[in-house]
file entry_11.cif (mmCIF, C-alpha atoms)
data_start
loop_
_atom_site.label_atom_id
_atom_site.label_comp_id
_atom_site.auth_asym_id
_atom_site.auth_seq_id
_atom_site.Cartn_x
_atom_site.Cartn_y
_atom_site.Cartn_z
CA MET W 1 91.77 54.07 -51.75
CA SER W 2 91.32 57.63 -52.90
CA VAL W 3 94.22 60.06 -53.13
CA ALA W 4 91.93 62.52 -51.31
CA GLU W 5 92.23 60.45 -48.12
CA PRO W 6 95.01 61.40 -45.70
CA ARG W 7 98.13 59.27 -45.89
CA THR W 8 100.63 58.68 -43.12
CA ILE W 9 104.40 58.82 -43.47
CA VAL W 10 106.60 57.77 -40.57
CA LEU W 11 110.26 58.70 -40.86
CA PHE W 12 112.16 56.44 -38.47
CA ARG W 13 115.88 56.73 -37.82
CA HIS W 14 117.71 53.51 -37.00
CA ALA W 15 118.49 52.82 -33.36
CA LYS W 16 121.90 53.29 -31.73
CA ALA W 17 124.61 51.45 -33.64
CA ASP W 18 127.89 49.98 -32.47
CA TRP W 19 131.28 51.09 -33.88
CA PRO W 20 133.22 47.86 -34.51
CA GLN W 21 136.02 47.66 -37.08
CA MET W 22 133.89 47.19 -40.20
CA THR W 23 132.35 49.23 -42.99
CA ASP W 24 129.70 51.77 -42.04
CA HIS W 25 127.05 49.87 -44.02
CA GLU W 26 127.65 46.71 -41.95
CA ARG W 27 127.59 48.30 -38.47
CA PRO W 28 125.21 46.40 -36.12
CA LEU W 29 123.05 47.76 -33.35
CA ALA W 30 124.51 48.32 -29.91
CA ASP W 31 122.77 46.78 -26.88
CA ARG W 32 121.17 50.17 -26.17
CA GLY W 33 119.97 50.27 -29.78
CA ARG W 34 118.14 46.97 -29.42
CA LYS W 35 116.24 48.32 -26.40
CA GLU W 36 115.46 51.60 -28.19
CA ALA W 37 114.23 49.77 -31.30
CA ALA W 38 111.78 47.74 -29.20
CA GLU W 39 110.57 50.87 -27.40
CA ALA W 40 110.11 52.71 -30.69
CA GLY W 41 108.22 49.69 -32.06
CA ARG W 42 105.84 49.80 -29.07
CA ARG W 43 105.29 53.55 -29.58
CA LEU W 44 104.58 53.03 -33.27
CA ALA W 45 102.22 50.14 -32.51
CA ASP W 46 100.39 52.40 -30.03
CA THR W 47 99.50 54.75 -32.91
CA ALA W 48 97.28 51.94 -34.31
CA ILE W 49 98.27 52.99 -37.84
CA PRO W 50 97.85 50.04 -40.22
CA PHE W 51 101.08 50.37 -42.20
CA ASP W 52 100.84 49.09 -45.76
CA LEU W 53 104.51 49.38 -46.61
CA ALA W 54 107.86 49.70 -44.87
CA LEU W 55 110.83 50.98 -46.87
CA CYS W 56 114.05 50.08 -45.09
CA SER W 57 117.67 50.85 -45.87
CA THR W 58 119.84 47.83 -46.59
CA ALA W 59 122.36 48.81 -43.89
CA THR W 60 122.67 46.26 -41.08
CA ARG W 61 121.63 48.70 -38.33
CA THR W 62 118.42 49.72 -40.13
CA ARG W 63 117.46 46.12 -40.91
CA GLU W 64 118.07 45.15 -37.27
CA THR W 65 116.09 48.17 -36.03
CA TRP W 66 113.14 47.23 -38.24
CA LYS W 67 113.32 43.53 -37.35
CA ILE W 68 113.06 44.38 -33.63
CA ALA W 69 110.52 47.21 -33.92
CA VAL W 70 108.09 45.34 -36.19
CA GLN W 71 107.77 42.54 -33.62
CA GLU W 72 105.65 44.98 -31.59
CA PHE W 73 103.16 45.52 -34.44
CA PRO W 74 99.87 43.62 -34.56
CA GLN W 75 100.42 43.03 -38.28
CA ARG W 76 103.65 43.18 -40.27
CA PRO W 77 103.46 45.42 -43.35
CA LYS W 78 105.05 44.52 -46.64
CA THR W 79 108.75 45.38 -46.31
CA VAL W 80 111.03 46.48 -49.12
CA TYR W 81 114.76 46.75 -48.42
CA GLU W 82 115.94 49.65 -50.53
CA GLU W 83 119.64 50.39 -51.00
CA ARG W 84 118.87 53.92 -52.23
CA ILE W 85 117.88 54.95 -48.66
CA TYR W 86 121.45 54.50 -47.42
CA GLU W 87 123.21 57.91 -47.50
CA ALA W 88 120.21 59.45 -49.33
CA SER W 89 119.55 63.17 -49.28
CA PRO W 90 116.05 64.47 -48.49
CA GLY W 91 115.49 65.09 -52.22
CA GLU W 92 116.48 61.51 -53.06
CA LEU W 93 114.11 60.23 -50.36
CA ILE W 94 111.25 62.33 -51.78
CA ALA W 95 111.99 60.89 -55.24
CA LEU W 96 111.82 57.39 -53.76
CA LEU W 97 108.50 58.14 -52.03
CA ASN W 98 107.20 59.58 -55.32
CA GLU W 99 107.58 56.05 -56.79
CA THR W 100 105.23 54.53 -54.20
CA PRO W 101 102.02 53.07 -55.63
CA ASP W 102 98.95 55.02 -54.58
CA ASP W 103 97.30 51.93 -53.11
CA ALA W 104 99.77 52.23 -50.19
CA GLN W 105 98.14 54.60 -47.72
CA ASN W 106 100.49 54.41 -44.74
CA ILE W 107 104.26 54.16 -45.18
CA LEU W 108 107.11 53.78 -42.75
CA LEU W 109 110.64 54.63 -43.92
CA VAL W 110 113.57 53.36 -41.84
CA GLY W 111 116.71 55.30 -42.65
CA HIS W 112 119.63 57.41 -41.58
CA ASN W 113 120.54 60.93 -40.63
CA PRO W 114 120.97 63.53 -41.91
CA GLY W 115 118.51 62.43 -44.62
CA VAL W 116 115.63 61.40 -42.34
CA GLN W 117 115.73 64.55 -40.22
CA GLY W 118 116.12 66.73 -43.30
CA LEU W 119 113.15 65.03 -44.94
CA ALA W 120 110.98 65.54 -41.83
CA ASP W 121 111.91 69.24 -41.80
CA ILE W 122 111.36 69.69 -45.54
CA LEU W 123 108.06 67.83 -45.82
CA SER W 124 106.35 69.37 -42.80
CA GLY W 125 104.75 72.60 -43.95
CA THR W 126 102.70 72.75 -40.75
CA ALA W 127 102.77 71.00 -37.39
CA ASP W 128 100.24 70.01 -34.77
CA ASP W 129 100.85 70.94 -31.12
CA ASP W 130 104.50 71.33 -30.10
CA SER W 131 105.90 68.51 -32.24
CA ARG W 132 108.04 70.77 -34.45
CA GLU W 133 109.48 72.53 -31.40
CA ARG W 134 110.31 69.18 -29.77
CA MET W 135 111.89 67.91 -32.99
CA SER W 136 113.93 71.09 -33.39
CA HIS W 137 115.05 70.97 -29.77
CA ARG W 138 115.98 67.26 -29.69
CA GLY W 139 117.20 66.88 -33.26
CA PHE W 140 116.76 63.37 -34.60
CA PRO W 141 118.65 61.02 -32.27
CA ALA W 142 118.91 57.30 -32.88
CA ALA W 143 115.48 55.53 -32.83
CA ALA W 144 113.54 58.81 -33.17
CA PHE W 145 110.58 59.04 -35.52
CA ALA W 146 108.39 61.72 -37.03
CA LEU W 147 104.78 61.02 -37.94
CA LEU W 148 103.44 63.09 -40.84
CA SER W 149 100.11 63.31 -42.62
CA TYR W 150 99.78 64.01 -46.32
CA THR W 151 96.83 64.18 -48.70
CA GLY W 152 97.43 63.52 -52.37
CA SER W 153 99.12 61.15 -54.76
CA TRP W 154 102.58 59.91 -53.80
CA LYS W 155 103.77 61.30 -57.13
CA SER W 156 102.74 64.76 -55.88
CA LEU W 157 104.60 64.62 -52.56
CA GLU W 158 106.85 67.67 -52.34
CA PRO W 159 108.44 69.99 -49.76
CA GLY W 160 105.92 71.60 -47.40
CA ALA W 161 103.06 69.29 -48.43
CA ALA W 162 102.73 67.36 -45.16
CA THR W 163 101.72 68.10 -41.58
CA LEU W 164 103.94 66.97 -38.73
CA LEU W 165 101.50 65.21 -36.38
CA ASP W 166 103.91 63.81 -33.83
CA TYR W 167 107.55 63.36 -32.99
CA TRP W 168 109.07 60.86 -30.60
CA ALA W 169 112.62 60.18 -29.44
CA PRO W 170 113.86 57.83 -26.73
CA SER W 171 114.86 59.45 -23.46
CA ASP W 172 118.58 59.69 -22.86
#
call {"tool": "encode", "arguments": {"input": "entry_11.cif", "output": "structure tokens"}}
result
Amino acid sequence: MSVAEPRTIVLFRHAKADWPQMTDHERPLADRGRKEAAEAGRRLADTAIPFDLALCSTATRTRETWKIAVQEFPQRPKTVYEERIYEASPGELIALLNETPDDAQNILLVGHNPGVQGLADILSGTADDDSRERMSHRGFPAAAFALLSYTGSWKSLEPGAATLLDYWAPSD
């Protein structure tokens, strides 16, 4: 694949988590979160994007979100569970994406706020339709995702380099 071809980046926040007496990293999904993860998976599958790679935080709630969402996909992409996504800043997430091999055209990152929302804001230099307004208005609730397009090498990904194509969040 050529670096001149558009790439897709989906920034996907984990679904609604429960608050049992355990460490934050080990928190599981709530019942509502399981439903939202499946709905988000269907929405992502509807995009018909052939994802090459999924980067997922090692936290329990992100792994559970991905496990449920990916069941809706026609084909499961290669999945890498990456501990650096947990509690990562937008800059740390960009650095992680910069390490992605250029043969991966379409990437999905399953992570946490505030990093995921901050990354969506920072990367999107432009936006199609009203997606930026919707994202600004709704914030980045559990199970929300932003779909961005980027042209260039992953090593060159930087703030403002992508276009926000779509934003989706579950209804309350």
call {"tool": "residues_around", "arguments": {"input": "entry_11.cif", "residues": "segment 78-94 of chain W", "least_positions_apart": "3", "cutoff": "12 Å", "atoms": "only C-alpha atoms", "output": "VMD selection string"}}
result
chain W and resid 9 11 to 14 24 to 26 50 to 64 66 to 67 70 75 97 to 100 104 106 to 123 154 to 162
call {"tool": "residues_around", "arguments": {"input": "entry_11.cif", "residues": "Arg34 of chain W", "least_positions_apart": "3", "cutoff": "12 Å", "atoms": "all atoms listed in the file", "output": "list in words"}}
result
His14, Ala15, Lys16, Ala17, Asp18, Pro28, Leu29, Ala30, Asp31, Ala37, Ala38, Glu39, Ala40, Gly41, Arg61, Thr62, Arg63, Glu64, Thr65, Trp66, Lys67, Ile68, Ala69, Ala142, Ala143 and Pro170 of chain W
call {"tool": "closest_residue", "arguments": {"input": "entry_11.cif", "among": "W:Asp128, W:Trp168, W:Gly152, W:Met135", "to": "Asp102 of chain W", "atoms": "only C-alpha atoms"}}
result
W:Gly152
call {"tool": "resolve_selection", "arguments": {"input": "entry_11.cif", "expression": "the PyMOL selection byres ((chain W and resi 167) around 7)", "output": "compact mmCIF listing (two decimals) with C-alpha atoms, keeping the file's coordinate frame"}}
result
# COMPACT_ATOMS: atom_id res chain seq x y z
CA SER W 131 105.90 68.51 -32.24
CA MET W 135 111.89 67.91 -32.99
CA PHE W 145 110.58 59.04 -35.52
CA ALA W 146 108.39 61.72 -37.03
CA LEU W 147 104.78 61.02 -37.94
CA ASP W 166 103.91 63.81 -33.83
CA TRP W 168 109.07 60.86 -30.60
CA ALA W 169 112.62 60.18 -29.44
call {"tool": "atom_distance", "arguments": {"input": "entry_11.cif", "atom1": "atom CA of Phe73 of chain W", "atom2": "atom CA of Thr163 of chain W"}}
result
23.7 Å
